[in-house]
Structure formats: C-alpha cells, structure tokens
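Enquirer: Data file model.csv (CSV, C-alpha atoms and all ligand atoms) is appended below.
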```csv
chain,number,residue,atom,x,y,z
A,8,MET,CA,82.0,107.4,109.1
A,9,ASN,CA,81.2,104.1,107.4
A,10,LEU,CA,82.8,101.0,109.1
A,11,ILE,CA,83.0,98.0,106.8
A,12,ASN,CA,84.2,94.5,107.7
A,13,LEU,CA,85.9,93.0,104.6
A,14,LYS,CA,86.9,89.8,106.4
A,15,ASN,CA,90.6,89.5,105.5
A,16,GLN,CA,93.6,91.3,104.0
A,17,THR,CA,92.9,89.9,100.5
A,18,ILE,CA,89.3,91.1,100.1
A,19,ALA,CA,90.1,94.4,101.8
A,20,SER,CA,93.1,95.1,99.6
A,21,GLN,CA,91.1,94.2,96.5
A,22,TYR,CA,88.4,96.5,97.5
A,23,VAL,CA,90.7,99.5,98.1
A,24,ALA,CA,92.5,98.7,94.8
A,25,THR,CA,89.2,98.5,92.9
A,26,GLU,CA,88.1,101.9,94.3
A,27,LEU,CA,91.3,103.5,93.2
A,28,LEU,CA,91.0,101.8,89.7
A,29,LYS,CA,87.5,103.1,89.3
A,30,GLN,CA,88.5,106.6,90.3
A,31,VAL,CA,91.4,106.9,87.8
A,32,LYS,CA,89.3,105.2,85.1
A,33,SER,CA,86.5,107.7,85.5
A,34,LYS,CA,88.7,110.8,85.9
A,35,PRO,CA,92.0,110.7,84.0
A,36,ASN,CA,93.3,113.7,85.9
A,37,THR,CA,92.6,112.2,89.3
A,38,VAL,CA,94.6,113.3,92.3
A,39,LEU,CA,95.4,110.4,94.6
A,40,GLY,CA,96.5,110.7,98.2
A,41,LEU,CA,98.8,107.7,98.8
A,42,ALA,CA,100.1,106.0,102.0
A,43,THR,CA,102.9,103.6,102.8
A,44,GLY,CA,103.3,100.9,105.5
A,45,ASN,CA,102.8,97.1,105.3
A,46,THR,CA,99.0,97.5,105.1
A,47,MET,CA,99.3,99.1,101.6
A,48,ILE,CA,101.6,96.5,100.0
A,49,ASP,CA,98.8,94.2,98.9
A,50,VAL,CA,96.7,97.2,97.8
A,51,TYR,CA,99.4,98.3,95.5
A,52,LYS,CA,100.1,94.8,94.2
A,53,CYS,CA,96.4,94.4,93.3
A,54,LEU,CA,96.1,97.9,91.9
A,55,SER,CA,99.2,97.5,89.7
A,56,GLU,CA,97.6,94.3,88.2
A,57,LEU,CA,94.2,95.9,87.7
A,58,LEU,CA,95.7,99.0,86.1
A,59,ASN,CA,97.7,96.8,83.7
A,60,ILE,CA,94.9,94.5,82.7
A,61,ASN,CA,92.6,97.4,82.1
A,62,GLN,CA,95.3,99.3,80.2
A,63,ILE,CA,94.6,102.5,82.2
A,64,ASP,CA,96.5,105.6,81.0
A,65,LEU,CA,98.0,107.1,84.1
A,66,SER,CA,99.8,110.0,82.4
A,67,ARG,CA,97.5,112.6,83.8
A,68,VAL,CA,97.1,111.1,87.3
A,69,ALA,CA,98.8,113.1,90.1
A,70,THR,CA,99.8,111.4,93.3
A,71,PHE,CA,100.7,112.9,96.7
A,72,ASN,CA,102.2,110.7,99.4
A,73,LEU,CA,101.5,111.5,103.0
A,74,ASP,CA,105.0,111.6,104.3
A,75,GLU,CA,108.7,110.9,104.1
A,76,TYR,CA,111.4,110.4,106.8
A,77,VAL,CA,113.7,113.4,107.4
A,78,GLY,CA,117.3,112.6,106.5
A,79,LEU,CA,116.7,109.8,104.0
A,80,ALA,CA,117.7,110.3,100.4
A,81,PRO,CA,115.1,109.3,97.8
A,82,ASN,CA,117.3,106.3,96.9
A,83,HIS,CA,117.6,105.1,100.5
A,84,LYS,CA,116.3,101.6,100.9
A,85,GLN,CA,113.9,102.5,103.7
A,86,SER,CA,112.7,105.8,102.2
A,87,TYR,CA,109.1,106.0,101.1
A,88,HIS,CA,110.3,107.1,97.7
A,89,VAL,CA,111.8,103.6,97.2
A,90,TYR,CA,108.8,101.9,98.8
A,91,MET,CA,106.4,103.6,96.3
A,92,ASN,CA,108.6,102.8,93.4
A,93,GLU,CA,109.0,99.2,94.4
A,94,HIS,CA,105.4,98.6,95.2
A,95,LEU,CA,103.5,100.8,92.7
A,96,PHE,CA,105.2,103.1,90.2
A,97,LYS,CA,107.6,100.7,88.6
A,98,HIS,CA,104.8,98.3,87.7
A,99,ASN,CA,103.1,100.6,85.1
A,100,ASP,CA,104.8,102.5,82.4
A,101,SER,CA,102.3,105.3,82.2
A,102,TRP,CA,102.9,106.9,85.6
A,103,GLN,CA,104.6,110.2,84.9
A,104,LYS,CA,107.5,111.1,87.2
A,105,ASP,CA,106.5,114.8,87.1
A,106,ASN,CA,103.1,114.0,88.5
A,107,ILE,CA,104.4,111.9,91.4
A,108,HIS,CA,104.9,113.8,94.6
A,109,LEU,CA,106.6,112.9,97.8
A,110,PRO,CA,108.3,115.2,100.2
A,111,MET,CA,112.1,115.3,99.9
A,112,GLY,CA,113.3,114.1,103.3
A,113,ASN,CA,116.9,115.0,102.5
A,114,ALA,CA,116.1,118.6,101.5
A,115,LYS,CA,118.6,121.1,102.9
A,116,ASP,CA,115.8,123.1,104.4
A,117,VAL,CA,113.1,120.6,105.4
A,118,VAL,CA,110.8,123.3,106.9
A,119,HIS,CA,110.8,125.1,103.5
A,120,GLU,CA,110.3,121.8,101.8
A,121,SER,CA,107.2,121.2,103.9
A,122,LYS,CA,105.8,124.6,102.9
A,123,VAL,CA,106.4,124.0,99.2
A,124,TYR,CA,104.8,120.5,99.4
A,125,GLU,CA,101.7,121.9,101.2
A,126,GLN,CA,101.4,124.7,98.5
A,127,LEU,CA,101.7,122.2,95.7
A,128,LEU,CA,99.0,120.0,97.2
A,129,CYS,CA,96.8,123.1,97.5
A,130,ASP,CA,97.5,124.1,93.9
A,131,ILE,CA,97.0,120.6,92.3
A,132,GLY,CA,94.7,119.0,94.8
A,133,PRO,CA,92.5,118.2,96.7
A,134,ALA,CA,92.9,114.5,96.5
A,135,ASP,CA,89.9,112.7,95.0
A,136,ILE,CA,90.7,109.8,97.2
A,137,GLN,CA,93.1,109.7,100.1
A,138,ILE,CA,94.0,106.3,101.4
A,139,LEU,CA,95.2,105.9,104.9
A,140,GLY,CA,96.7,103.4,107.2
A,141,ILE,CA,96.7,103.9,110.9
A,142,GLY,CA,99.5,103.7,113.5
A,143,GLU,CA,98.9,101.6,116.7
A,144,ASN,CA,98.7,104.9,118.6
A,145,GLY,CA,96.1,106.3,116.2
A,146,HIS,CA,98.4,108.4,114.1
A,147,ILE,CA,97.6,109.1,110.4
A,148,GLY,CA,100.4,110.1,108.1
A,149,PHE,CA,103.0,110.8,110.8
A,150,ASN,CA,100.7,113.0,112.8
A,151,GLU,CA,101.3,111.7,116.3
A,152,PRO,CA,99.0,112.0,119.3
A,153,TYR,CA,98.4,115.7,120.3
A,154,THR,CA,99.2,117.0,116.9
A,155,SER,CA,96.9,120.0,116.4
A,156,PHE,CA,93.8,119.4,114.3
A,157,ASP,CA,94.8,122.7,112.5
A,158,SER,CA,98.1,121.3,111.3
A,159,VAL,CA,99.3,121.5,107.7
A,160,THR,CA,102.4,119.9,106.2
A,161,SER,CA,105.3,120.2,108.5
A,162,VAL,CA,108.4,118.6,110.1
A,163,VAL,CA,107.1,116.4,112.9
A,164,ASP,CA,108.8,114.3,115.7
A,165,LEU,CA,108.1,110.6,115.8
A,166,THR,CA,107.1,109.1,119.1
A,167,PRO,CA,109.2,106.3,120.7
A,168,SER,CA,106.3,103.9,120.0
A,169,THR,CA,106.3,104.8,116.3
A,170,ILE,CA,110.1,104.5,116.1
A,171,LYS,CA,109.8,101.1,117.7
A,172,ALA,CA,106.9,100.0,115.4
A,173,ASN,CA,108.8,101.1,112.3
A,174,SER,CA,112.2,99.7,113.4
A,175,LYS,CA,111.2,96.4,111.8
A,176,HIS,CA,112.1,97.9,108.5
A,177,PHE,CA,115.5,99.0,109.6
A,178,GLU,CA,118.6,97.0,110.6
A,179,LYS,CA,118.6,98.6,114.1
A,180,ILE,CA,116.3,100.9,116.0
A,181,GLU,CA,119.0,103.6,116.1
A,182,ASP,CA,118.7,103.8,112.3
A,183,VAL,CA,115.1,104.9,112.4
A,184,PRO,CA,114.8,108.6,111.7
A,185,LYS,CA,113.4,110.6,114.5
A,186,GLN,CA,111.5,113.1,112.3
A,187,ALA,CA,109.4,113.1,109.2
A,188,ILE,CA,107.8,115.5,106.8
A,189,SER,CA,104.1,114.8,107.0
A,190,LEU,CA,100.9,116.2,105.6
A,191,GLY,CA,99.0,117.8,108.5
A,192,LEU,CA,95.6,116.8,109.7
A,193,THR,CA,94.0,119.7,108.0
A,194,SER,CA,95.8,118.8,104.7
A,195,ILE,CA,94.5,115.2,104.9
A,196,MET,CA,90.9,116.4,105.7
A,197,ARG,CA,90.8,118.4,102.4
A,198,ALA,CA,90.5,115.1,100.5
A,199,LYS,CA,87.1,114.6,98.9
A,200,ARG,CA,87.0,111.0,100.0
A,201,ILE,CA,89.0,109.0,102.5
A,202,ILE,CA,89.5,105.3,102.8
A,203,LEU,CA,91.2,104.1,106.0
A,204,LEU,CA,92.4,100.5,106.0
A,205,ALA,CA,93.3,98.7,109.2
A,206,LEU,CA,94.3,95.1,109.4
A,207,GLY,CA,95.3,92.8,112.2
A,208,ARG,CA,94.9,92.6,115.9
A,209,HIS,CA,97.6,95.2,116.6
A,210,LYS,CA,95.4,97.9,115.1
A,211,ARG,CA,92.2,97.0,117.0
A,212,ASP,CA,92.7,99.3,120.0
A,213,ALA,CA,93.3,102.3,117.7
A,214,ILE,CA,90.1,101.4,115.7
A,215,LYS,CA,88.1,100.8,118.9
A,216,GLN,CA,89.1,104.3,120.2
A,217,LEU,CA,88.4,105.8,116.8
A,218,LEU,CA,84.9,104.5,116.9
A,219,LYS,CA,84.1,104.9,120.6
A,220,ASP,CA,86.1,107.7,122.2
A,221,ASP,CA,85.6,111.4,121.9
A,222,ILE,CA,87.0,113.3,119.0
A,223,SER,CA,90.3,114.5,120.5
A,224,GLU,CA,93.8,115.5,119.5
A,225,SER,CA,95.0,112.6,121.7
A,226,LEU,CA,93.8,110.3,118.9
A,227,PRO,CA,94.8,112.0,115.6
A,228,ALA,CA,92.6,109.7,113.5
A,229,SER,CA,89.5,110.8,115.4
A,230,ILE,CA,89.5,114.0,113.3
A,231,LEU,CA,88.2,111.8,110.5
A,232,ARG,CA,84.8,111.6,112.2
A,233,GLN,CA,84.3,115.2,111.1
A,234,HIS,CA,84.7,114.3,107.5
A,235,ALA,CA,81.6,113.7,105.4
A,236,ASN,CA,83.0,110.9,103.2
A,237,VAL,CA,85.1,108.4,105.2
A,238,GLU,CA,85.2,104.6,105.0
A,239,VAL,CA,87.0,102.6,107.6
A,240,ILE,CA,87.8,99.2,106.2
A,241,VAL,CA,88.7,96.5,108.8
A,242,ASP,CA,89.2,92.7,108.8
A,243,ASP,CA,87.2,90.3,110.8
A,244,GLU,CA,89.8,90.1,113.5
A,245,ILE,CA,89.4,93.7,114.3
A,246,PHE,CA,85.6,93.7,113.7
A,247,GLN,CA,85.0,90.9,116.2
A,248,THR,CA,86.7,92.7,119.0
A,249,ILE,CA,84.8,95.9,118.4
A,250,LYS,CA,81.4,94.4,117.6
A,251,SER,CA,80.0,95.2,121.0
A,252,THR,CA,81.3,98.8,120.7
A,253,LYS,CA,78.5,101.3,120.2
A,254,LEU,CA,79.4,102.3,116.7
A,255,ILE,CA,79.5,106.0,115.7
A,256,PRO,CA,77.0,106.6,112.9
B,301,LIG,C1,103.8,104.7,109.2
B,301,LIG,C2,103.2,105.6,108.2
B,301,LIG,C3,101.7,105.6,108.3
B,301,LIG,C4,101.1,104.2,108.3
B,301,LIG,C5,101.7,103.5,109.5
B,301,LIG,C6,101.1,102.1,109.6
B,301,LIG,O1,103.9,105.2,110.4
B,301,LIG,N1,103.6,106.9,108.3
B,301,LIG,O2,101.1,106.4,107.2
B,301,LIG,O3,99.7,104.3,108.4
B,301,LIG,O4,103.1,103.5,109.3
B,301,LIG,O5,102.0,101.2,109.0
B,301,LIG,P1,101.7,99.6,108.8
B,301,LIG,O6,100.7,99.5,107.7
B,301,LIG,O7,103.0,99.0,108.5
B,301,LIG,O8,101.1,99.1,110.1
```
Spit out the file's structure as structure tokens when you get a sec.
Expert:
Amino acid sequence: MNLINLKNQTIASQYVATELLKQVKSKPNTVLGLATGNTMIDVYKCLSELLNINQIDLSRVATFNLDEYVGLAPNHKQSYHVYMNEHLFKHNDSWQKDNIHLPMGNAKDVVHESKVYEQLLCDIGPADIQILGIGENGHIGFNEPYTSFDSVTSVVDLTPSTIKANSKHFEKIEDVPKQAISLGLTSIMRAKRIILLALGRHKRDAIKQLLKDDISESLPASILRQHANVEVIVDDEIFQTIKSTKLIP
C-alpha cells in the first residue's frame, strides 16, 4: 500500500483525474470503477476538463459505480445516477449510455438486481482502475464495518453513522435510505489498480486505522492491504496527524 501526501484537495483531485485520463487514453476499452461522495466532485470536474481538452473518445470506456441507494429512482435528486450525470457524464458527449453501469436502486427485486450487477462486472471487468472514497467508519462502497471480506454485490444495511453522515445531502435525516446495493469487498478487490482518496480531518481516524490496525472486518477498508496495487492519497491535514504512525509498507 502506497501512502502519498498530495497536500490539498486541488493537487490530489488533479492527480486522480490525471491517472484516469492516462488510463482511458492508453486503453480505449478501459473499465473504470467509479465512486461518489463529496471527495470525488473535484476529481470529476478536473477529469471532465482534461477529457475535453485532450479530445478523448470515451465510446468504448465502460464504467461501473460502486453503489446506489435502495428505493431511489435514477432521476431522484439524491441518487448516485443523478450525481454521476451531473458531475461527470453530461460534460462529455462521447460517454455511451450503454457502457455506463450503476445498480438500479428502485428495481422491483433488488436482490436479483445485485446478482445481475455482479455478473455484469464479472463479464465486462475487472476494473482497470477503481477509485474509492472512504467513510468515517472505514467503509468502502457501502460495505459497513463487519461486512465479510468474502462479500460480493448485495443489498446492504447502512449504519446509523453513515445515515447521519450522508444526511447532509437530504432535506431531513428520515429521507436517507436505510439500504443500498453495493459492490462487495471481493468485487472491489478484483480491480487491477485501486486509488483511495481521503481528504479532510474527519477522515483521519479511518486512515490512521487503515495504516496502523490489524487487517480486520471491523475496518472494511483494511482489506485493501491485501491488494498488490493500492495507492492511498491523502491531504496534508490527514498526513500530519498520522506522520508518527508506523506506516505499513
Ligand atoms: C458514501 C459512499 C462512499 C463514499 C463515502 C464518503 O457513503 N457510498 O463510496 O466513499 O460516501 O463520502 P464523502 O466523499 O462525501 O465523504
């Protein structure tokens, strides 16, 4: 696991966007694993600009998002479908709708939908690059603490702390869905390369534990230490608080 301090949100976002740009430029049929959350907004802003100025043809790029809230229609304002369209897909004409994949949170049978999504990722994937944010409790995707490391895409329950953290995007906390369809930890680990981006002091405990504590299902992100090609990008605020931590090689 390679920990890199990229000082601030601007430099870190530019770095992640540049890695994604290089990937799609060098391999037109790239498979990208995409994430949502505030952390990724600047990444997608920068990526959209870079894709445009480099006139990259995205028509063969396939994308797979990590997760979607159960119960939200794809046109719901707080759905990850809308988030991805607003922050990424609508900014470049060559994204192909058929190659963009997000779980349907409003599917009649969400368990079946999870299985179909997992199979599709197996058929088209693995992701060449998977980008990840991290929850304050160490979740990746919506894999909350004590999710089995063997998990594949499924319907998962959100913890009260995640519901609270994500309530800032909803009018009231009662509106936050209690479940999501999420790629499992095994599904995420199949990616060839993983870039985790963590910004801001509220993420420092999760990153500290990720670097210091044992690999354990109590911290879902710790599974990443078993992956051969993972970068953890942090800002200086996080880095300064973990400097003294004995870093995991
Ligand atoms: C949600 C998403 C995660 C994301 C996390 C952090 O829970 N399911 O994939 O990493 O939020 O979001 P933020 O970047 O807003 O802190």
Enquirer: Which residue gives the smallest distance to A:Leu13 among A:Glu93, A:Glu151, A:Asp64, A:Asp243, with all atoms listed in the file counted?
Expert: A:Asp243
Enquirer: Name the residues, by chain letter and number, that sit within 6 Å of ligand LIG 301 (chain B) using all atoms listed in the file, and give them as number ranges by chain.
Expert: A: 42-46, 139-142, 147-149
Enquirer: Next, the residues of the selection above should be written as a PDB file, in the frame of the given file with C-alpha atoms.
Expert:
```pdb
ATOM      1  CA  ALA A  42     100.100 106.000 102.000  1.00  0.00           C
ATOM      2  CA  THR A  43     102.900 103.600 102.800  1.00  0.00           C
ATOM      3  CA  GLY A  44     103.300 100.900 105.500  1.00  0.00           C
ATOM      4  CA  ASN A  45     102.800  97.100 105.300  1.00  0.00           C
ATOM      5  CA  THR A  46      99.000  97.500 105.100  1.00  0.00           C
ATOM      6  CA  LEU A 139      95.200 105.900 104.900  1.00  0.00           C
ATOM      7  CA  GLY A 140      96.700 103.400 107.200  1.00  0.00           C
ATOM      8  CA  ILE A 141      96.700 103.900 110.900  1.00  0.00           C
ATOM      9  CA  GLY A 142      99.500 103.700 113.500  1.00  0.00           C
ATOM     10  CA  ILE A 147      97.600 109.100 110.400  1.00  0.00           C
ATOM     11  CA  GLY A 148     100.400 110.100 108.100  1.00  0.00           C
ATOM     12  CA  PHE A 149     103.000 110.800 110.800  1.00  0.00           C
TER      13      PHE A 149
END
```
Enquirer: If I take atom CA of A:Lys185 and atom CA of A:Ile201, how far is one from the other in Å, to one decimal?
Expert: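 For atom CA of A:Lys185 relative to atom CA of A:Ile201, the distance reads 27.2 Å.
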Enquirer: Considering only C-alpha atoms, can you say which of A:Leu65, A:Val241, A:Ile195, A:Leu79 comes closest to A:Leu41?
Expert: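 Among the listed residues, the smallest separation from A:Leu41 belongs to A:Ile195.
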Enquirer: Given the choices A:Ile136, A:Leu226, A:Val118, A:Ile180, which gets closest to A:Leu192 if the distance is worked out from only C-alpha atoms?
Expert: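 Using only C-alpha atoms, A:Leu192 sits closest to A:Leu226.
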Enquirer: Assuming the input is short of atoms at stretch 166-177 of chain A, produce all heavy atoms for that part as a PDB file, keeping the file's coordinate frame.
Expert:
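The result, written out as selection15.pdb:
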```pdb
ATOM      1  N   THR A 166     107.109 109.582 117.748  1.00  0.00           N
ATOM      2  CA  THR A 166     107.100 109.100 119.100  1.00  0.00           C
ATOM      3  C   THR A 166     107.943 107.861 119.270  1.00  0.00           C
ATOM      4  O   THR A 166     108.115 107.122 118.289  1.00  0.00           O
ATOM      5  CB  THR A 166     105.681 108.816 119.637  1.00  0.00           C
ATOM      6  OG1 THR A 166     105.162 107.758 118.831  1.00  0.00           O
ATOM      7  CG2 THR A 166     104.772 110.013 119.562  1.00  0.00           C
ATOM      8  N   PRO A 167     108.426 107.575 120.488  1.00  0.00           N
ATOM      9  CA  PRO A 167     109.200 106.300 120.700  1.00  0.00           C
ATOM     10  C   PRO A 167     108.399 105.101 120.219  1.00  0.00           C
ATOM     11  O   PRO A 167     108.981 104.173 119.652  1.00  0.00           O
ATOM     12  CB  PRO A 167     109.431 106.305 122.200  1.00  0.00           C
ATOM     13  CG  PRO A 167     109.421 107.753 122.588  1.00  0.00           C
ATOM     14  CD  PRO A 167     108.417 108.415 121.691  1.00  0.00           C
ATOM     15  N   SER A 168     107.085 105.084 120.399  1.00  0.00           N
ATOM     16  CA  SER A 168     106.300 103.900 120.000  1.00  0.00           C
ATOM     17  C   SER A 168     106.285 103.728 118.479  1.00  0.00           C
ATOM     18  O   SER A 168     106.351 102.612 117.952  1.00  0.00           O
ATOM     19  CB  SER A 168     104.907 103.913 120.579  1.00  0.00           C
ATOM     20  OG  SER A 168     104.111 104.873 119.925  1.00  0.00           O
ATOM     21  N   THR A 169     106.226 104.837 117.747  1.00  0.00           N
ATOM     22  CA  THR A 169     106.300 104.800 116.300  1.00  0.00           C
ATOM     23  C   THR A 169     107.654 104.343 115.809  1.00  0.00           C
ATOM     24  O   THR A 169     107.787 103.514 114.898  1.00  0.00           O
ATOM     25  CB  THR A 169     105.867 106.123 115.665  1.00  0.00           C
ATOM     26  OG1 THR A 169     104.515 106.388 116.023  1.00  0.00           O
ATOM     27  CG2 THR A 169     106.016 106.138 114.160  1.00  0.00           C
ATOM     28  N   ILE A 170     108.671 104.894 116.446  1.00  0.00           N
ATOM     29  CA  ILE A 170     110.100 104.500 116.100  1.00  0.00           C
ATOM     30  C   ILE A 170     110.229 103.020 116.292  1.00  0.00           C
ATOM     31  O   ILE A 170     110.772 102.312 115.438  1.00  0.00           O
ATOM     32  CB  ILE A 170     111.070 105.346 116.905  1.00  0.00           C
ATOM     33  CG1 ILE A 170     111.002 106.809 116.451  1.00  0.00           C
ATOM     34  CG2 ILE A 170     112.486 104.790 116.756  1.00  0.00           C
ATOM     35  CD1 ILE A 170     111.791 107.785 117.291  1.00  0.00           C
ATOM     36  N   LYS A 171     109.687 102.510 117.405  1.00  0.00           N
ATOM     37  CA  LYS A 171     109.800 101.100 117.700  1.00  0.00           C
ATOM     38  C   LYS A 171     109.015 100.260 116.650  1.00  0.00           C
ATOM     39  O   LYS A 171     109.523  99.285 116.083  1.00  0.00           O
ATOM     40  CB  LYS A 171     109.278 100.784 119.098  1.00  0.00           C
ATOM     41  CG  LYS A 171     109.562  99.399 119.555  1.00  0.00           C
ATOM     42  CD  LYS A 171     109.385  99.259 121.072  1.00  0.00           C
ATOM     43  CE  LYS A 171     109.483  97.781 121.427  1.00  0.00           C
ATOM     44  NZ  LYS A 171     108.211  97.197 121.810  1.00  0.00           N
ATOM     45  N   ALA A 172     107.779 100.693 116.379  1.00  0.00           N
ATOM     46  CA  ALA A 172     106.900 100.000 115.400  1.00  0.00           C
ATOM     47  C   ALA A 172     107.594  99.915 114.039  1.00  0.00           C
ATOM     48  O   ALA A 172     107.555  98.893 113.348  1.00  0.00           O
ATOM     49  CB  ALA A 172     105.552 100.575 115.346  1.00  0.00           C
ATOM     50  N   ASN A 173     108.205 101.024 113.638  1.00  0.00           N
ATOM     51  CA  ASN A 173     108.800 101.100 112.300  1.00  0.00           C
ATOM     52  C   ASN A 173     110.206 100.548 112.222  1.00  0.00           C
ATOM     53  O   ASN A 173     110.762 100.434 111.127  1.00  0.00           O
ATOM     54  CB  ASN A 173     108.733 102.539 111.780  1.00  0.00           C
ATOM     55  CG  ASN A 173     107.295 102.964 111.496  1.00  0.00           C
ATOM     56  OD1 ASN A 173     106.359 102.218 111.780  1.00  0.00           O
ATOM     57  ND2 ASN A 173     107.109 104.137 110.933  1.00  0.00           N
ATOM     58  N   SER A 174     110.762 100.193 113.387  1.00  0.00           N
ATOM     59  CA  SER A 174     112.200  99.700 113.400  1.00  0.00           C
ATOM     60  C   SER A 174     112.269  98.345 112.702  1.00  0.00           C
ATOM     61  O   SER A 174     113.362  97.937 112.322  1.00  0.00           O
ATOM     62  CB  SER A 174     112.714  99.631 114.818  1.00  0.00           C
ATOM     63  OG  SER A 174     112.014  98.667 115.560  1.00  0.00           O
ATOM     64  N   LYS A 175     111.127  97.661 112.502  1.00  0.00           N
ATOM     65  CA  LYS A 175     111.200  96.400 111.800  1.00  0.00           C
ATOM     66  C   LYS A 175     111.698  96.483 110.389  1.00  0.00           C
ATOM     67  O   LYS A 175     112.177  95.521 109.809  1.00  0.00           O
ATOM     68  CB  LYS A 175     109.826  95.651 111.857  1.00  0.00           C
ATOM     69  CG  LYS A 175     108.667  96.431 111.270  1.00  0.00           C
ATOM     70  CD  LYS A 175     107.364  95.634 111.404  1.00  0.00           C
ATOM     71  CE  LYS A 175     106.170  96.360 110.842  1.00  0.00           C
ATOM     72  NZ  LYS A 175     105.605  97.400 111.706  1.00  0.00           N
ATOM     73  N   HIS A 176     111.614  97.691 109.847  1.00  0.00           N
ATOM     74  CA  HIS A 176     112.100  97.900 108.500  1.00  0.00           C
ATOM     75  C   HIS A 176     113.562  98.296 108.410  1.00  0.00           C
ATOM     76  O   HIS A 176     114.133  98.418 107.336  1.00  0.00           O
ATOM     77  CB  HIS A 176     111.258  98.995 107.785  1.00  0.00           C
ATOM     78  CG  HIS A 176     109.789  98.684 107.788  1.00  0.00           C
ATOM     79  ND1 HIS A 176     109.265  97.636 107.084  1.00  0.00           N
ATOM     80  CD2 HIS A 176     108.751  99.272 108.421  1.00  0.00           C
ATOM     81  CE1 HIS A 176     107.953  97.591 107.277  1.00  0.00           C
ATOM     82  NE2 HIS A 176     107.620  98.569 108.083  1.00  0.00           N
ATOM     83  N   PHE A 177     114.160  98.553 109.569  1.00  0.00           N
ATOM     84  CA  PHE A 177     115.500  99.000 109.600  1.00  0.00           C
ATOM     85  C   PHE A 177     116.415  97.952 110.272  1.00  0.00           C
ATOM     86  O   PHE A 177     115.900  97.099 111.013  1.00  0.00           O
ATOM     87  CB  PHE A 177     115.643 100.330 110.399  1.00  0.00           C
ATOM     88  CG  PHE A 177     114.977 101.499 109.711  1.00  0.00           C
ATOM     89  CD1 PHE A 177     113.591 101.665 109.771  1.00  0.00           C
ATOM     90  CD2 PHE A 177     115.718 102.421 108.995  1.00  0.00           C
ATOM     91  CE1 PHE A 177     112.971 102.732 109.138  1.00  0.00           C
ATOM     92  CE2 PHE A 177     115.111 103.496 108.355  1.00  0.00           C
ATOM     93  CZ  PHE A 177     113.736 103.652 108.430  1.00  0.00           C
TER      94      PHE A 177
END
```
